[in-house]
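Next comes target.txt, a file with compact mmCIF, N, CA and C atoms.
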# COMPACT_ATOMS: atom_id res chain seq x y z
N MET A 1 -11.79 -10.50 -55.61
CA MET A 1 -11.91 -10.18 -54.22
C MET A 1 -11.70 -11.45 -53.40
N THR A 2 -10.92 -11.34 -52.34
CA THR A 2 -10.68 -12.50 -51.50
C THR A 2 -11.56 -12.43 -50.25
N THR A 3 -11.93 -13.57 -49.80
CA THR A 3 -12.74 -13.60 -48.58
C THR A 3 -11.86 -13.95 -47.40
N ALA A 4 -12.20 -13.38 -46.29
CA ALA A 4 -11.43 -13.64 -45.08
C ALA A 4 -11.74 -15.04 -44.57
N THR A 5 -10.70 -15.72 -44.18
CA THR A 5 -10.89 -17.05 -43.60
C THR A 5 -10.42 -17.01 -42.16
N SER A 6 -11.00 -17.82 -41.38
CA SER A 6 -10.58 -17.89 -39.98
C SER A 6 -10.35 -19.34 -39.60
N ILE A 7 -9.50 -19.50 -38.62
CA ILE A 7 -9.18 -20.82 -38.11
C ILE A 7 -9.51 -20.83 -36.62
N THR A 8 -10.19 -21.83 -36.20
CA THR A 8 -10.50 -21.99 -34.78
C THR A 8 -9.67 -23.14 -34.24
N VAL A 9 -8.94 -22.84 -33.19
CA VAL A 9 -8.11 -23.85 -32.55
C VAL A 9 -8.71 -24.13 -31.18
N ARG A 10 -8.99 -25.38 -30.91
CA ARG A 10 -9.54 -25.77 -29.62
C ARG A 10 -8.49 -26.60 -28.87
N VAL A 11 -8.22 -26.19 -27.67
CA VAL A 11 -7.26 -26.90 -26.83
C VAL A 11 -8.02 -27.45 -25.64
N PRO A 12 -8.04 -28.78 -25.51
CA PRO A 12 -8.76 -29.35 -24.36
C PRO A 12 -7.96 -29.14 -23.08
N LEU A 13 -8.57 -28.46 -22.13
CA LEU A 13 -7.94 -28.26 -20.84
C LEU A 13 -9.02 -28.05 -19.79
N ALA A 14 -8.65 -28.25 -18.59
CA ALA A 14 -9.57 -28.04 -17.47
C ALA A 14 -8.85 -27.21 -16.43
N ILE A 15 -9.53 -26.24 -15.87
CA ILE A 15 -8.96 -25.43 -14.80
C ILE A 15 -9.58 -25.93 -13.50
N ARG A 16 -8.72 -26.40 -12.62
CA ARG A 16 -9.18 -26.92 -11.35
C ARG A 16 -8.79 -25.95 -10.25
N HIS A 17 -9.74 -25.57 -9.45
CA HIS A 17 -9.48 -24.66 -8.34
C HIS A 17 -9.11 -25.49 -7.11
N ARG A 18 -7.95 -25.20 -6.59
CA ARG A 18 -7.49 -25.85 -5.37
C ARG A 18 -7.17 -24.74 -4.39
N PRO A 19 -7.18 -25.05 -3.13
CA PRO A 19 -6.92 -23.99 -2.14
C PRO A 19 -5.59 -23.29 -2.41
N GLY A 20 -5.66 -21.99 -2.66
CA GLY A 20 -4.46 -21.19 -2.80
C GLY A 20 -3.83 -21.16 -4.17
N ARG A 21 -4.32 -21.96 -5.11
CA ARG A 21 -3.70 -21.93 -6.43
C ARG A 21 -4.66 -22.46 -7.48
N LYS A 22 -4.39 -22.13 -8.71
CA LYS A 22 -5.15 -22.64 -9.83
C LYS A 22 -4.20 -23.49 -10.67
N THR A 23 -4.69 -24.61 -11.14
CA THR A 23 -3.86 -25.53 -11.89
C THR A 23 -4.50 -25.78 -13.25
N VAL A 24 -3.71 -25.68 -14.29
CA VAL A 24 -4.20 -26.02 -15.62
C VAL A 24 -3.80 -27.46 -15.89
N VAL A 25 -4.79 -28.28 -16.21
CA VAL A 25 -4.55 -29.70 -16.46
C VAL A 25 -4.77 -29.94 -17.94
N THR A 26 -3.72 -30.35 -18.62
CA THR A 26 -3.82 -30.63 -20.05
C THR A 26 -3.78 -32.13 -20.27
N PRO A 27 -4.26 -32.59 -21.40
CA PRO A 27 -4.20 -34.03 -21.67
C PRO A 27 -2.75 -34.50 -21.73
N MET A 28 -2.49 -35.66 -21.17
CA MET A 28 -1.14 -36.20 -21.18
C MET A 28 -0.85 -36.81 -22.55
N THR A 29 0.33 -36.54 -23.05
CA THR A 29 0.78 -37.14 -24.30
C THR A 29 2.06 -37.91 -24.02
N ASP A 30 2.37 -38.84 -24.89
CA ASP A 30 3.57 -39.65 -24.70
C ASP A 30 4.84 -38.86 -24.96
N THR A 31 4.75 -37.80 -25.77
CA THR A 31 5.94 -37.07 -26.16
C THR A 31 6.36 -36.01 -25.15
N VAL A 32 5.46 -35.54 -24.31
CA VAL A 32 5.77 -34.48 -23.37
C VAL A 32 5.80 -35.05 -21.95
N ALA A 33 6.93 -34.92 -21.30
CA ALA A 33 7.06 -35.41 -19.94
C ALA A 33 6.66 -34.30 -18.98
N ARG A 34 5.99 -34.66 -17.94
CA ARG A 34 5.55 -33.70 -16.95
C ARG A 34 6.72 -33.43 -15.99
N VAL A 35 6.94 -32.16 -15.69
CA VAL A 35 8.03 -31.78 -14.81
C VAL A 35 7.45 -31.34 -13.47
N PRO A 36 7.59 -32.16 -12.43
CA PRO A 36 7.07 -31.75 -11.13
C PRO A 36 7.98 -30.70 -10.49
N THR A 37 7.40 -29.84 -9.70
CA THR A 37 8.19 -28.84 -9.00
C THR A 37 7.86 -28.89 -7.52
N ARG A 38 8.85 -28.63 -6.70
CA ARG A 38 8.65 -28.59 -5.27
C ARG A 38 8.63 -27.15 -4.77
N ALA A 39 8.60 -26.19 -5.67
CA ALA A 39 8.65 -24.79 -5.27
C ALA A 39 7.45 -24.47 -4.38
N ASP A 40 7.73 -23.85 -3.26
CA ASP A 40 6.68 -23.47 -2.32
C ASP A 40 5.97 -22.23 -2.87
N PRO A 41 4.69 -22.35 -3.23
CA PRO A 41 3.99 -21.21 -3.83
C PRO A 41 3.97 -19.97 -2.94
N ALA A 42 3.87 -20.15 -1.63
CA ALA A 42 3.85 -19.00 -0.72
C ALA A 42 5.19 -18.26 -0.74
N LEU A 43 6.29 -19.02 -0.74
CA LEU A 43 7.61 -18.39 -0.79
C LEU A 43 7.84 -17.67 -2.11
N VAL A 44 7.47 -18.31 -3.20
CA VAL A 44 7.68 -17.71 -4.52
C VAL A 44 6.84 -16.43 -4.65
N LYS A 45 5.60 -16.49 -4.18
CA LYS A 45 4.72 -15.31 -4.24
C LYS A 45 5.28 -14.18 -3.38
N ALA A 46 5.78 -14.51 -2.20
CA ALA A 46 6.35 -13.50 -1.31
C ALA A 46 7.58 -12.85 -1.94
N LEU A 47 8.43 -13.66 -2.58
CA LEU A 47 9.60 -13.11 -3.26
C LEU A 47 9.18 -12.18 -4.39
N ALA A 48 8.20 -12.60 -5.17
CA ALA A 48 7.74 -11.77 -6.29
C ALA A 48 7.19 -10.44 -5.78
N ARG A 49 6.40 -10.49 -4.72
CA ARG A 49 5.85 -9.26 -4.15
C ARG A 49 6.96 -8.37 -3.61
N ALA A 50 7.93 -8.97 -2.92
CA ALA A 50 9.02 -8.19 -2.34
C ALA A 50 9.78 -7.43 -3.42
N PHE A 51 10.13 -8.12 -4.49
CA PHE A 51 10.90 -7.46 -5.55
C PHE A 51 10.03 -6.43 -6.29
N ARG A 52 8.74 -6.68 -6.38
CA ARG A 52 7.83 -5.70 -7.00
C ARG A 52 7.77 -4.43 -6.15
N TYR A 53 7.60 -4.59 -4.84
CA TYR A 53 7.53 -3.44 -3.95
C TYR A 53 8.85 -2.68 -3.95
N GLN A 54 9.97 -3.40 -3.96
CA GLN A 54 11.28 -2.74 -4.00
C GLN A 54 11.45 -1.94 -5.28
N ARG A 55 10.99 -2.50 -6.39
CA ARG A 55 11.08 -1.80 -7.68
C ARG A 55 10.25 -0.51 -7.64
N MET A 56 9.06 -0.58 -7.03
CA MET A 56 8.23 0.62 -6.92
C MET A 56 8.91 1.70 -6.09
N LEU A 57 9.58 1.30 -5.01
CA LEU A 57 10.33 2.28 -4.21
C LEU A 57 11.49 2.86 -5.01
N ASP A 58 12.21 2.00 -5.72
CA ASP A 58 13.36 2.46 -6.51
C ASP A 58 12.94 3.42 -7.61
N GLN A 59 11.76 3.19 -8.20
CA GLN A 59 11.27 4.05 -9.28
C GLN A 59 10.67 5.36 -8.76
N GLY A 60 10.53 5.48 -7.45
CA GLY A 60 10.01 6.70 -6.87
C GLY A 60 8.49 6.79 -6.88
N ARG A 61 7.82 5.68 -7.10
CA ARG A 61 6.35 5.71 -7.10
C ARG A 61 5.82 6.00 -5.71
N TYR A 62 6.58 5.62 -4.70
CA TYR A 62 6.23 5.92 -3.31
C TYR A 62 7.46 6.48 -2.63
N ALA A 63 7.24 7.44 -1.74
CA ALA A 63 8.37 8.08 -1.06
C ALA A 63 8.85 7.29 0.14
N SER A 64 7.98 6.46 0.72
CA SER A 64 8.37 5.72 1.91
C SER A 64 7.60 4.41 1.98
N VAL A 65 8.05 3.56 2.88
CA VAL A 65 7.38 2.28 3.11
C VAL A 65 5.99 2.54 3.70
N THR A 66 5.89 3.53 4.56
CA THR A 66 4.61 3.87 5.17
C THR A 66 3.60 4.29 4.11
N GLU A 67 4.04 5.13 3.18
CA GLU A 67 3.16 5.59 2.10
C GLU A 67 2.73 4.42 1.22
N MET A 68 3.67 3.54 0.90
CA MET A 68 3.35 2.39 0.06
C MET A 68 2.38 1.45 0.77
N ALA A 69 2.60 1.20 2.05
CA ALA A 69 1.72 0.31 2.81
C ALA A 69 0.30 0.85 2.82
N ALA A 70 0.16 2.15 2.98
CA ALA A 70 -1.18 2.75 2.98
C ALA A 70 -1.82 2.62 1.60
N ALA A 71 -1.05 2.87 0.55
CA ALA A 71 -1.59 2.79 -0.80
C ALA A 71 -1.94 1.37 -1.19
N GLU A 72 -1.14 0.40 -0.78
CA GLU A 72 -1.37 -1.00 -1.12
C GLU A 72 -2.33 -1.69 -0.14
N LYS A 73 -2.70 -0.96 0.91
CA LYS A 73 -3.64 -1.46 1.93
C LYS A 73 -3.13 -2.73 2.62
N ILE A 74 -1.85 -2.67 3.00
CA ILE A 74 -1.26 -3.77 3.76
C ILE A 74 -0.57 -3.19 4.99
N ASP A 75 -0.30 -4.03 5.96
CA ASP A 75 0.34 -3.60 7.19
C ASP A 75 1.77 -3.19 6.92
N ARG A 76 2.20 -2.10 7.54
CA ARG A 76 3.55 -1.59 7.31
C ARG A 76 4.61 -2.59 7.77
N GLY A 77 4.36 -3.27 8.89
CA GLY A 77 5.30 -4.28 9.39
C GLY A 77 5.46 -5.44 8.43
N TYR A 78 4.33 -5.90 7.86
CA TYR A 78 4.38 -6.98 6.89
C TYR A 78 5.17 -6.55 5.65
N LEU A 79 4.94 -5.32 5.20
CA LEU A 79 5.66 -4.82 4.03
C LEU A 79 7.16 -4.75 4.32
N GLY A 80 7.51 -4.32 5.51
CA GLY A 80 8.92 -4.26 5.88
C GLY A 80 9.56 -5.63 5.88
N ARG A 81 8.83 -6.64 6.40
CA ARG A 81 9.37 -8.00 6.40
C ARG A 81 9.51 -8.54 4.98
N LEU A 82 8.54 -8.19 4.12
CA LEU A 82 8.65 -8.62 2.73
C LEU A 82 9.86 -8.00 2.05
N LEU A 83 10.08 -6.72 2.30
CA LEU A 83 11.21 -6.04 1.67
C LEU A 83 12.55 -6.63 2.10
N GLN A 84 12.59 -7.25 3.29
CA GLN A 84 13.82 -7.91 3.73
C GLN A 84 14.20 -9.07 2.80
N LEU A 85 13.20 -9.64 2.12
CA LEU A 85 13.47 -10.76 1.21
C LEU A 85 14.33 -10.33 0.03
N THR A 86 14.33 -9.04 -0.30
CA THR A 86 15.15 -8.57 -1.43
C THR A 86 16.63 -8.58 -1.07
N LEU A 87 16.95 -8.76 0.21
CA LEU A 87 18.34 -8.79 0.65
C LEU A 87 18.90 -10.20 0.73
N LEU A 88 18.10 -11.19 0.33
CA LEU A 88 18.58 -12.58 0.36
C LEU A 88 19.67 -12.81 -0.68
N ALA A 89 20.54 -13.73 -0.36
CA ALA A 89 21.60 -14.10 -1.30
C ALA A 89 20.97 -14.63 -2.59
N PRO A 90 21.55 -14.30 -3.74
CA PRO A 90 20.99 -14.79 -5.01
C PRO A 90 20.87 -16.31 -5.05
N SER A 91 21.79 -17.01 -4.43
CA SER A 91 21.71 -18.48 -4.44
C SER A 91 20.50 -18.96 -3.64
N VAL A 92 20.12 -18.26 -2.58
CA VAL A 92 18.95 -18.63 -1.80
C VAL A 92 17.68 -18.37 -2.62
N VAL A 93 17.63 -17.23 -3.29
CA VAL A 93 16.48 -16.90 -4.14
C VAL A 93 16.33 -17.95 -5.24
N GLU A 94 17.44 -18.34 -5.84
CA GLU A 94 17.41 -19.34 -6.91
C GLU A 94 16.94 -20.69 -6.38
N MET A 95 17.38 -21.07 -5.18
CA MET A 95 16.93 -22.33 -4.58
C MET A 95 15.43 -22.32 -4.35
N ILE A 96 14.92 -21.19 -3.87
CA ILE A 96 13.49 -21.09 -3.58
C ILE A 96 12.67 -21.16 -4.86
N THR A 97 13.07 -20.42 -5.88
CA THR A 97 12.28 -20.40 -7.12
C THR A 97 12.35 -21.71 -7.88
N SER A 98 13.44 -22.47 -7.69
CA SER A 98 13.54 -23.76 -8.37
C SER A 98 13.00 -24.90 -7.51
N GLY A 99 12.62 -24.61 -6.27
CA GLY A 99 12.07 -25.64 -5.41
C GLY A 99 13.10 -26.52 -4.75
N ARG A 100 14.34 -26.06 -4.68
CA ARG A 100 15.41 -26.87 -4.08
C ARG A 100 15.75 -26.44 -2.66
N GLN A 101 14.90 -25.60 -2.05
CA GLN A 101 15.20 -25.15 -0.69
C GLN A 101 14.96 -26.27 0.31
N ARG A 102 15.63 -26.17 1.42
CA ARG A 102 15.46 -27.16 2.48
C ARG A 102 14.13 -26.94 3.18
N ASP A 103 13.71 -27.93 3.92
CA ASP A 103 12.43 -27.86 4.62
C ASP A 103 12.38 -26.76 5.67
N ASN A 104 13.54 -26.40 6.23
CA ASN A 104 13.54 -25.37 7.28
C ASN A 104 13.50 -23.95 6.70
N ILE A 105 13.56 -23.79 5.40
CA ILE A 105 13.47 -22.46 4.79
C ILE A 105 12.00 -22.20 4.46
N THR A 106 11.35 -21.50 5.36
CA THR A 106 9.94 -21.17 5.23
C THR A 106 9.78 -19.66 5.29
N LEU A 107 8.60 -19.18 4.95
CA LEU A 107 8.37 -17.74 4.99
C LEU A 107 8.53 -17.17 6.41
N PRO A 108 7.98 -17.82 7.44
CA PRO A 108 8.23 -17.29 8.79
C PRO A 108 9.72 -17.29 9.16
N ARG A 109 10.45 -18.29 8.70
CA ARG A 109 11.89 -18.34 8.98
C ARG A 109 12.62 -17.20 8.28
N LEU A 110 12.24 -16.89 7.05
CA LEU A 110 12.89 -15.82 6.31
C LEU A 110 12.46 -14.44 6.81
N ALA A 111 11.35 -14.36 7.54
CA ALA A 111 10.91 -13.09 8.10
C ALA A 111 11.72 -12.71 9.34
N GLU A 112 12.42 -13.68 9.91
CA GLU A 112 13.28 -13.41 11.06
C GLU A 112 14.51 -12.62 10.58
N PRO A 113 15.14 -11.87 11.46
CA PRO A 113 16.34 -11.14 11.06
C PRO A 113 17.43 -12.10 10.58
N LEU A 114 18.02 -11.79 9.44
CA LEU A 114 19.11 -12.59 8.88
C LEU A 114 20.33 -11.69 8.69
N PRO A 115 21.51 -12.27 8.68
CA PRO A 115 22.71 -11.46 8.42
C PRO A 115 22.66 -10.80 7.04
N THR A 116 23.33 -9.67 6.93
CA THR A 116 23.37 -8.97 5.65
C THR A 116 24.31 -9.65 4.67
N LEU A 117 25.41 -10.20 5.17
CA LEU A 117 26.39 -10.86 4.30
C LEU A 117 25.81 -12.18 3.79
N TRP A 118 25.92 -12.40 2.50
CA TRP A 118 25.32 -13.57 1.88
C TRP A 118 25.91 -14.87 2.39
N ALA A 119 27.21 -14.92 2.60
CA ALA A 119 27.84 -16.15 3.10
C ALA A 119 27.30 -16.50 4.50
N GLU A 120 27.12 -15.47 5.33
CA GLU A 120 26.57 -15.70 6.67
C GLU A 120 25.11 -16.15 6.59
N GLN A 121 24.36 -15.61 5.63
CA GLN A 121 22.97 -16.05 5.44
C GLN A 121 22.93 -17.54 5.15
N LEU A 122 23.81 -17.98 4.25
CA LEU A 122 23.84 -19.40 3.89
C LEU A 122 24.17 -20.26 5.10
N ASP A 123 25.09 -19.79 5.95
CA ASP A 123 25.44 -20.55 7.15
C ASP A 123 24.25 -20.64 8.10
N VAL A 124 23.55 -19.53 8.30
CA VAL A 124 22.41 -19.51 9.22
C VAL A 124 21.28 -20.38 8.68
N LEU A 125 21.00 -20.28 7.38
CA LEU A 125 19.91 -21.07 6.80
C LEU A 125 20.27 -22.54 6.67
N ALA A 126 21.57 -22.85 6.64
CA ALA A 126 22.00 -24.25 6.55
C ALA A 126 21.82 -24.97 7.88
N ALA A 127 21.82 -24.22 8.96
CA ALA A 127 21.66 -24.82 10.29
C ALA A 127 20.20 -25.16 10.52
N SER A 128 19.92 -26.43 10.69
CA SER A 128 18.54 -26.84 10.97
C SER A 128 18.37 -26.92 12.49
N PRO A 129 17.15 -26.85 12.97
CA PRO A 129 16.94 -26.93 14.41
C PRO A 129 17.51 -28.18 15.05
N SER A 130 17.46 -29.31 14.33
CA SER A 130 17.97 -30.54 14.89
C SER A 130 19.43 -30.79 14.53
N GLY A 131 19.96 -30.00 13.59
CA GLY A 131 21.36 -30.11 13.22
C GLY A 131 21.71 -31.38 12.48
N ASP A 132 20.73 -32.05 11.87
CA ASP A 132 21.01 -33.35 11.26
C ASP A 132 21.15 -33.29 9.75
N ARG A 133 21.07 -32.13 9.14
CA ARG A 133 21.17 -32.05 7.69
C ARG A 133 22.32 -31.17 7.27
N GLY A 134 22.76 -31.36 6.04
CA GLY A 134 23.88 -30.61 5.51
C GLY A 134 23.46 -29.25 5.00
N PRO A 135 24.30 -28.60 4.17
CA PRO A 135 24.01 -27.27 3.66
C PRO A 135 22.82 -27.27 2.73
N PRO A 136 22.19 -26.09 2.52
CA PRO A 136 20.99 -26.03 1.66
C PRO A 136 21.28 -26.38 0.25

Give the structure from this file in structure tokens form.
Amino acid sequence: MTTATSITVRVPLAIRHRPGRKTVVTPMTDTVARVPTRADPALVKALARAFRYQRMLDQGRYASVTEMAAAEKIDRGYLGRLLQLTLLAPSVVEMITSGRQRDNITLPRLAEPLPTLWAEQLDVLAASPSGDRGPP
């Protein structure tokens, strides 16, 4: 008869609560380089929510935006603005998720009406208020 053996693995880590996010801090080793990211957590979260809500509409879980807003207990106008994020050009979404977006690309800026054509979106988002920077 064989006896069951178990292995316990302990990983030293600390979870630090910071406003708006949780960070896992692991011990630094010489072999693993830390990769910093500039991705805006609010923008990434808004994009994730937008695509989640769009998927729920596409799957027929809700018949309308009004019904979904009531079920999710959020304002219908806010939900509509979030759903507009699903119409962003793929290159803009990729820039946001990788943290390479320009400083003028913020959630309030993306909530404003944008052109439907992706090339026009890039032109509008490339224009900064002061006009001193190049394309995104």

Go ahead and compute the interatomic distance for CA of Trp118 in chain A and atom N of Arg102 in chain A, in Å to one decimal.
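Going from CA of Trp118 in chain A over to atom N of Arg102 in chain A, I get 15.9 Å.
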
Need the shell around Gly77 in chain A: protein/DNA/RNA residues with any atom at most 8 Å away, counting all atoms listed in the file. Skip same-chain ones fewer than 6 positions apart. Format as a list in words?
Val65, Ala69 and Leu83 of chain A

Using only N, CA and C atoms, please write the residues we just selected to a file, as a PDB file, in the coordinates of the input.
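Dumped everything to part.pdb:
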ATOM      1  N   VAL A  65       8.050   3.560   2.880  1.00  0.00           N
ATOM      2  CA  VAL A  65       7.380   2.280   3.110  1.00  0.00           C
ATOM      3  C   VAL A  65       5.990   2.540   3.700  1.00  0.00           C
ATOM      4  N   ALA A  69       2.600   1.200   2.050  1.00  0.00           N
ATOM      5  CA  ALA A  69       1.720   0.310   2.810  1.00  0.00           C
ATOM      6  C   ALA A  69       0.300   0.850   2.820  1.00  0.00           C
ATOM      7  N   LEU A  83      10.080  -6.720   2.300  1.00  0.00           N
ATOM      8  CA  LEU A  83      11.210  -6.040   1.670  1.00  0.00           C
ATOM      9  C   LEU A  83      12.550  -6.630   2.100  1.00  0.00           C
TER      10      LEU A  83
END

Any idea what's packed within 10 Å of Arg81 in chain A, counting only C-alpha atoms, ignoring anything in its chain fewer than 5 positions away? Could you give it as a list in words?
Ala46, Ala50, Arg76, Thr86, Leu107, Pro108, Leu110, Ala111, Glu112 and Pro113 of chain A

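A straight line drawn from CA of Asp40 in chain A to CA of Tyr53 in chain A is 20.1 Å long.
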
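Within the 10 Å cut-off around Leu87 in chain A, using only C-alpha atoms and omitting residues fewer than 4 positions from it on the same chain, the listed residues are Ala50, Phe51, Leu82, Leu83, Val93, Leu114, Pro115, Thr116, Leu117, Trp118 and Gln121 of chain A.
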
Any idea what the distance is between atom C of Gly60 in chain A and atom N of Lys73 in chain A?
15.7 Å

From the list A:Arg49, A:Arg55, A:Ala63, A:Asn104, which residue is nearest Tyr78 in chain A when using only C-alpha atoms?
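Selected residue with least distance to Tyr78 in chain A: A:Arg49.
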
Let's see if you can do this: from backbone DSSP, list all alpha helix (DSSP H) residues in range 21-132 of chain A, as a PyMOL selection string.
chain A and resi 41-58+65-72+76-84+90-98+107-111+118-126
